[in-house]
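This report refers to the structure that appears directly beneath it.
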Amino acid sequence: MPRDRKEDPLHVEVSRAGMCDMFARIATRYDFFNDLLSFGIHRVTRRVLLREMNLQPGQLVLDVCAGTGALARRAVARGVKVVGVDGCDAMLRRLVERVPSVPVVVGDALNLPFADASFDAAMIGFSARDVASPLRMFSEIARVVRPGSIIANLDFTQPPGRLRPIYHFYLRTIIPRLGRLIDRNAYWFLAESVERVISAPDLAAVMTDAGLLDVRITYCGLGVAAVHTGRVP
Ligand SMILES: C[S@@+](CC[C@H](N)C(=O)[O-])C[C@H]1O[C@@H](n2cnc3c(N)ncnc32)[C@H](O)[C@@H]1O
């Protein structure tokens with residue numbers, strides 16, 4: 001039976017403004033905690049996303065919800081030009097510290113401040129479950145990316161049956177306790193948003209509904225994450 005969200009001690013409501021405040025509070029420790037909480041597994045999943053995108057040097061790629069630039073940095077190392085957009089200025093400041101060559105724009109993933117067909121590709125890392133409407137986000141990204149180009153999304157997903165209870169135990173007990181060291185609400189929110197993330201096939205259906213073609217799923221990170229790719233018509 002689904003848990004009653006109002007009764008759920010783990011449930012944390014976060015508005016868009018609240019989301020930015022939350023990421024601003026953890027921006028300086030975000031990358032360290034990603035490594036700690038995922039045992040470094042997120043690094044493997046980022047490599048999978050870049051492999052699936054098959055980007056070519058010189059291409060111009062939009063990193064949506066770019067955060068501190070964990071994807072942008074790896075793409076730039078492959079000779080790709082990246083523009084980062086994110087709603088949280090503090091996260092983008094960290095990105096610029098780490099990869100000064102990447103231009104950044106503060107903006108909403110649901111209303112991107114770019115002209116139609118401005119980019120050769122787009123990528124989104126660990127953010128689709130944070131936005132109010134993933135459908136709208138993918139439609140909006142498809143607008144700013146050239147027809148025929150690839151859009152790739154990396155996020156947590158529901159892991160296979162046997163792993164699921166262990167994984168949910170980890171999310172409900174370990175992550176909030178460790179996260180309390182830096183920000184109690186942020187890591188409660190993280191744990192809850194990961195626990196209720198939609199399945200990979202359901203996210204693929206959202207991308208298809210947004211108009212993307214040939215949507216494919218690649219599971220990675222021991223099955224707790226998935227890369228989705230789709231083409232702009
Ligand atoms: C979990 S972080 C992921 C950062 C980075 N992509 C990564 O792979 O590590 C989520 C990011 O999404 C941003 N974000 C959430 N909702 C947004 C929105 N509607 N528009 C723009 N950025 C948003 C947050 O500010 C935050 O930097």
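Here, A, B, ... name the chains of the structure tokens in the order displayed, residue numbers run from 1 inside each chain, and ligands are numbered from 1 in the same displayed order.
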
Discussion item. For ligand 1, return the neighbouring residues as a VMD selection string (distance at most 6 Å; only C-alpha atoms and all ligand atoms).
Written reply: chain A and resid 20 23 65 to 67 70 to 71 86 to 88 91 107 to 110 124 to 127 130 to 131

Once you have the residues from the selection above, write them out as an mmCIF file, in the first residue's frame, restricted to C-alpha atoms.
```cif
data_model
loop_
_atom_site.group_PDB
_atom_site.id
_atom_site.type_symbol
_atom_site.label_atom_id
_atom_site.label_comp_id
_atom_site.auth_asym_id
_atom_site.auth_seq_id
_atom_site.Cartn_x
_atom_site.Cartn_y
_atom_site.Cartn_z
ATOM 1 C CA CYS A 20 17.427 26.502 -4.836
ATOM 2 C CA PHE A 23 21.169 23.369 -2.979
ATOM 3 C CA CYS A 65 20.479 21.538 -14.011
ATOM 4 C CA ALA A 66 24.275 21.561 -14.283
ATOM 5 C CA GLY A 67 24.884 22.026 -10.555
ATOM 6 C CA ALA A 70 30.243 17.079 -12.457
ATOM 7 C CA LEU A 71 29.046 16.235 -15.985
ATOM 8 C CA ASP A 86 20.814 25.817 -13.311
ATOM 9 C CA GLY A 87 18.335 27.532 -11.017
ATOM 10 C CA CYS A 88 20.852 27.805 -8.176
ATOM 11 C CA MET A 91 25.868 25.603 -7.398
ATOM 12 C CA GLY A 107 17.627 29.770 -15.391
ATOM 13 C CA ASP A 108 14.681 27.411 -15.092
ATOM 14 C CA ALA A 109 14.866 23.999 -16.757
ATOM 15 C CA LEU A 110 11.140 24.343 -17.520
ATOM 16 C CA ILE A 124 20.752 16.164 -17.478
ATOM 17 C CA GLY A 125 22.371 14.609 -14.394
ATOM 18 C CA PHE A 126 20.449 13.469 -11.299
ATOM 19 C CA SER A 127 17.840 16.223 -11.611
ATOM 20 C CA ASP A 130 13.688 17.412 -8.788
ATOM 21 C CA VAL A 131 11.767 19.408 -11.399
#
```

Could you find all residues in stretch 97-227 of chain A that DSSP calls strand (DSSP E) from the backbone, and write them as a PDB file with N, CA and C atoms, in the first residue's frame?
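So the final result, stored in result17.pdb, reads:
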```
ATOM      1  N   VAL A 104      27.988  29.882 -17.845  1.00  0.00           N
ATOM      2  CA  VAL A 104      26.822  29.418 -17.081  1.00  0.00           C
ATOM      3  C   VAL A 104      25.717  30.473 -17.094  1.00  0.00           C
ATOM      4  N   VAL A 105      24.495  29.984 -16.975  1.00  0.00           N
ATOM      5  CA  VAL A 105      23.327  30.855 -16.982  1.00  0.00           C
ATOM      6  C   VAL A 105      22.411  30.395 -15.856  1.00  0.00           C
ATOM      7  N   VAL A 106      21.952  31.335 -15.035  1.00  0.00           N
ATOM      8  CA  VAL A 106      20.945  30.983 -14.026  1.00  0.00           C
ATOM      9  C   VAL A 106      19.600  30.968 -14.730  1.00  0.00           C
ATOM     10  N   PHE A 119      21.682  24.154 -29.628  1.00  0.00           N
ATOM     11  CA  PHE A 119      22.713  23.217 -29.148  1.00  0.00           C
ATOM     12  C   PHE A 119      22.752  21.939 -29.986  1.00  0.00           C
ATOM     13  N   ASP A 120      23.925  21.270 -29.941  1.00  0.00           N
ATOM     14  CA  ASP A 120      24.095  20.018 -30.683  1.00  0.00           C
ATOM     15  C   ASP A 120      23.631  18.805 -29.868  1.00  0.00           C
ATOM     16  N   ALA A 121      23.446  18.984 -28.576  1.00  0.00           N
ATOM     17  CA  ALA A 121      23.008  17.894 -27.693  1.00  0.00           C
ATOM     18  C   ALA A 121      22.715  18.492 -26.317  1.00  0.00           C
ATOM     19  N   ALA A 122      22.079  17.691 -25.459  1.00  0.00           N
ATOM     20  CA  ALA A 122      21.840  18.152 -24.080  1.00  0.00           C
ATOM     21  C   ALA A 122      21.927  16.966 -23.132  1.00  0.00           C
ATOM     22  N   MET A 123      22.350  17.256 -21.900  1.00  0.00           N
ATOM     23  CA  MET A 123      22.453  16.204 -20.867  1.00  0.00           C
ATOM     24  C   MET A 123      21.881  16.733 -19.551  1.00  0.00           C
ATOM     25  N   ILE A 124      21.351  15.812 -18.773  1.00  0.00           N
ATOM     26  CA  ILE A 124      20.752  16.164 -17.478  1.00  0.00           C
ATOM     27  C   ILE A 124      21.245  15.117 -16.478  1.00  0.00           C
ATOM     28  N   GLY A 125      21.855  15.561 -15.381  1.00  0.00           N
ATOM     29  CA  GLY A 125      22.371  14.609 -14.394  1.00  0.00           C
ATOM     30  C   GLY A 125      21.656  14.707 -13.065  1.00  0.00           C
ATOM     31  N   VAL A 145      17.458  22.134 -28.663  1.00  0.00           N
ATOM     32  CA  VAL A 145      18.471  21.258 -29.272  1.00  0.00           C
ATOM     33  C   VAL A 145      18.103  21.024 -30.737  1.00  0.00           C
ATOM     34  N   ARG A 146      19.118  20.953 -31.585  1.00  0.00           N
ATOM     35  CA  ARG A 146      18.882  20.792 -33.023  1.00  0.00           C
ATOM     36  C   ARG A 146      18.151  19.492 -33.343  1.00  0.00           C
ATOM     37  N   PRO A 147      17.277  19.493 -34.378  1.00  0.00           N
ATOM     38  CA  PRO A 147      16.611  18.251 -34.788  1.00  0.00           C
ATOM     39  C   PRO A 147      17.634  17.165 -35.117  1.00  0.00           C
ATOM     40  N   GLY A 148      17.334  15.943 -34.701  1.00  0.00           N
ATOM     41  CA  GLY A 148      18.230  14.811 -34.967  1.00  0.00           C
ATOM     42  C   GLY A 148      19.264  14.603 -33.871  1.00  0.00           C
ATOM     43  N   SER A 149      19.347  15.549 -32.918  1.00  0.00           N
ATOM     44  CA  SER A 149      20.394  15.458 -31.884  1.00  0.00           C
ATOM     45  C   SER A 149      19.926  14.624 -30.694  1.00  0.00           C
ATOM     46  N   ILE A 150      20.904  14.320 -29.838  1.00  0.00           N
ATOM     47  CA  ILE A 150      20.619  13.429 -28.710  1.00  0.00           C
ATOM     48  C   ILE A 150      20.402  14.219 -27.415  1.00  0.00           C
ATOM     49  N   ILE A 151      19.448  13.730 -26.625  1.00  0.00           N
ATOM     50  CA  ILE A 151      19.245  14.230 -25.257  1.00  0.00           C
ATOM     51  C   ILE A 151      19.458  13.027 -24.339  1.00  0.00           C
ATOM     52  N   ALA A 152      20.298  13.196 -23.304  1.00  0.00           N
ATOM     53  CA  ALA A 152      20.574  12.069 -22.403  1.00  0.00           C
ATOM     54  C   ALA A 152      20.311  12.469 -20.962  1.00  0.00           C
ATOM     55  N   ASN A 153      19.638  11.602 -20.259  1.00  0.00           N
ATOM     56  CA  ASN A 153      19.281  11.848 -18.859  1.00  0.00           C
ATOM     57  C   ASN A 153      19.864  10.742 -17.981  1.00  0.00           C
ATOM     58  N   LEU A 154      20.525  11.157 -16.892  1.00  0.00           N
ATOM     59  CA  LEU A 154      21.042  10.202 -15.904  1.00  0.00           C
ATOM     60  C   LEU A 154      20.344  10.470 -14.583  1.00  0.00           C
ATOM     61  N   ASP A 155      19.768   9.422 -14.008  1.00  0.00           N
ATOM     62  CA  ASP A 155      19.157   9.613 -12.690  1.00  0.00           C
ATOM     63  C   ASP A 155      19.062   8.267 -11.977  1.00  0.00           C
ATOM     64  N   PHE A 156      18.731   8.337 -10.696  1.00  0.00           N
ATOM     65  CA  PHE A 156      18.450   7.117  -9.950  1.00  0.00           C
ATOM     66  C   PHE A 156      17.210   6.471 -10.557  1.00  0.00           C
ATOM     67  N   LEU A 213      12.384  10.634 -29.888  1.00  0.00           N
ATOM     68  CA  LEU A 213      12.327   9.395 -30.672  1.00  0.00           C
ATOM     69  C   LEU A 213      13.381   8.412 -30.174  1.00  0.00           C
ATOM     70  N   ASP A 214      13.166   7.130 -30.478  1.00  0.00           N
ATOM     71  CA  ASP A 214      14.159   6.063 -30.193  1.00  0.00           C
ATOM     72  C   ASP A 214      14.637   6.121 -28.745  1.00  0.00           C
ATOM     73  N   VAL A 215      13.742   6.258 -27.807  1.00  0.00           N
ATOM     74  CA  VAL A 215      14.169   6.378 -26.396  1.00  0.00           C
ATOM     75  C   VAL A 215      14.713   5.023 -25.915  1.00  0.00           C
ATOM     76  N   ARG A 216      15.931   5.066 -25.373  1.00  0.00           N
ATOM     77  CA  ARG A 216      16.603   3.832 -24.929  1.00  0.00           C
ATOM     78  C   ARG A 216      17.029   3.969 -23.471  1.00  0.00           C
ATOM     79  N   ILE A 217      17.054   2.830 -22.775  1.00  0.00           N
ATOM     80  CA  ILE A 217      17.451   2.818 -21.356  1.00  0.00           C
ATOM     81  C   ILE A 217      18.730   1.989 -21.206  1.00  0.00           C
ATOM     82  N   THR A 218      19.714   2.525 -20.481  1.00  0.00           N
ATOM     83  CA  THR A 218      20.901   1.739 -20.106  1.00  0.00           C
ATOM     84  C   THR A 218      21.008   1.792 -18.584  1.00  0.00           C
ATOM     85  N   TYR A 219      20.840   0.637 -17.950  1.00  0.00           N
ATOM     86  CA  TYR A 219      20.964   0.589 -16.487  1.00  0.00           C
ATOM     87  C   TYR A 219      22.447   0.623 -16.113  1.00  0.00           C
ATOM     88  N   CYS A 220      22.740   1.258 -14.980  1.00  0.00           N
ATOM     89  CA  CYS A 220      24.139   1.335 -14.552  1.00  0.00           C
ATOM     90  C   CYS A 220      24.181   1.515 -13.034  1.00  0.00           C
ATOM     91  N   ALA A 225      20.781   3.199 -10.990  1.00  0.00           N
ATOM     92  CA  ALA A 225      20.707   4.389 -11.857  1.00  0.00           C
ATOM     93  C   ALA A 225      20.434   3.939 -13.289  1.00  0.00           C
ATOM     94  N   ALA A 226      19.985   4.889 -14.106  1.00  0.00           N
ATOM     95  CA  ALA A 226      19.739   4.575 -15.515  1.00  0.00           C
ATOM     96  C   ALA A 226      20.048   5.797 -16.361  1.00  0.00           C
ATOM     97  N   VAL A 227      20.600   5.523 -17.534  1.00  0.00           N
ATOM     98  CA  VAL A 227      20.785   6.569 -18.542  1.00  0.00           C
ATOM     99  C   VAL A 227      19.701   6.361 -19.590  1.00  0.00           C
TER     100      VAL A 227
END
```

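The two atoms in question, atom CA of A:Ser199 and atom CA of A:Arg162, are spaced 15.5 Å apart.
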
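Compared by their closest atoms to A:Leu135, and using only C-alpha atoms, the residues A:Val206, A:Val232, A:Leu62, A:Val85 rank with A:Val206 nearest.
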
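The residue that comes closest to A:Pro134, out of A:Ala210, A:Leu95, A:Leu190, A:Ala90 and on the basis of only C-alpha atoms, is A:Ala210.
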
Item to complete: Could you check how far atom CA of A:Thr68 sits from atom CA of A:Arg98, in Å to one decimal?
Response: 7.9 Å

Worksheet item: Where in stretch 51-225 of chain A does DSSP assign helix (DSSP H, G or I), given as a ChimeraX atom specification?
Response: /A:51-53,70-76,89-98,134-144,163-179,184-195,200-209,221-223

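Here atom CA of A:Gly211 stands at a distance of 24.5 Å from atom CA of A:Arg196.
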
Worksheet item: What's the 8 Å shell around stretch 169-182 of chain A, counting only C-alpha atoms, without same-chain residues fewer than 6 positions away, as number ranges by chain?
Response: A: 10, 26, 29, 37, 188, 191-192, 194-195

Output file for the selection above: N, CA and C atoms, as a JSON list (two decimals), in the first residue's frame:
```json
[["chain", "number", "residue", "atom", "x", "y", "z"],
["A", 10, "LEU", "N", 9.56, 10.92, 6.70],
["A", 10, "LEU", "CA", 10.64, 11.22, 5.76],
["A", 10, "LEU", "C", 10.20, 12.25, 4.73],
["A", 26, "ILE", "N", 24.06, 23.41, 0.46],
["A", 26, "ILE", "CA", 24.98, 22.26, 0.43],
["A", 26, "ILE", "C", 26.01, 22.35, -0.70],
["A", 29, "ARG", "N", 29.68, 21.35, -0.33],
["A", 29, "ARG", "CA", 30.00, 19.98, 0.07],
["A", 29, "ARG", "C", 29.31, 18.93, -0.80],
["A", 37, "LEU", "N", 28.37, 9.16, -0.25],
["A", 37, "LEU", "CA", 27.09, 8.44, -0.14],
["A", 37, "LEU", "C", 26.92, 7.38, -1.22],
["A", 188, "TRP", "N", 17.21, 14.42, 3.78],
["A", 188, "TRP", "CA", 15.90, 13.76, 3.88],
["A", 188, "TRP", "C", 15.21, 13.84, 2.53],
["A", 191, "ALA", "N", 16.84, 11.48, 0.02],
["A", 191, "ALA", "CA", 16.49, 10.08, 0.25],
["A", 191, "ALA", "C", 15.06, 9.81, -0.20],
["A", 192, "GLU", "N", 14.17, 10.73, 0.12],
["A", 192, "GLU", "CA", 12.77, 10.49, -0.25],
["A", 192, "GLU", "C", 12.57, 10.57, -1.76],
["A", 194, "VAL", "N", 14.65, 9.91, -4.07],
["A", 194, "VAL", "CA", 15.21, 8.72, -4.72],
["A", 194, "VAL", "C", 14.30, 7.52, -4.47],
["A", 195, "GLU", "N", 13.76, 7.44, -3.26],
["A", 195, "GLU", "CA", 12.91, 6.29, -2.93],
["A", 195, "GLU", "C", 11.64, 6.26, -3.79]]
```

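Shortest separation to A:Met53 among A:Met137, A:Gly230, A:Asp183, A:Ala27 occurs at residue A:Gly230, atoms counted being only C-alpha atoms.
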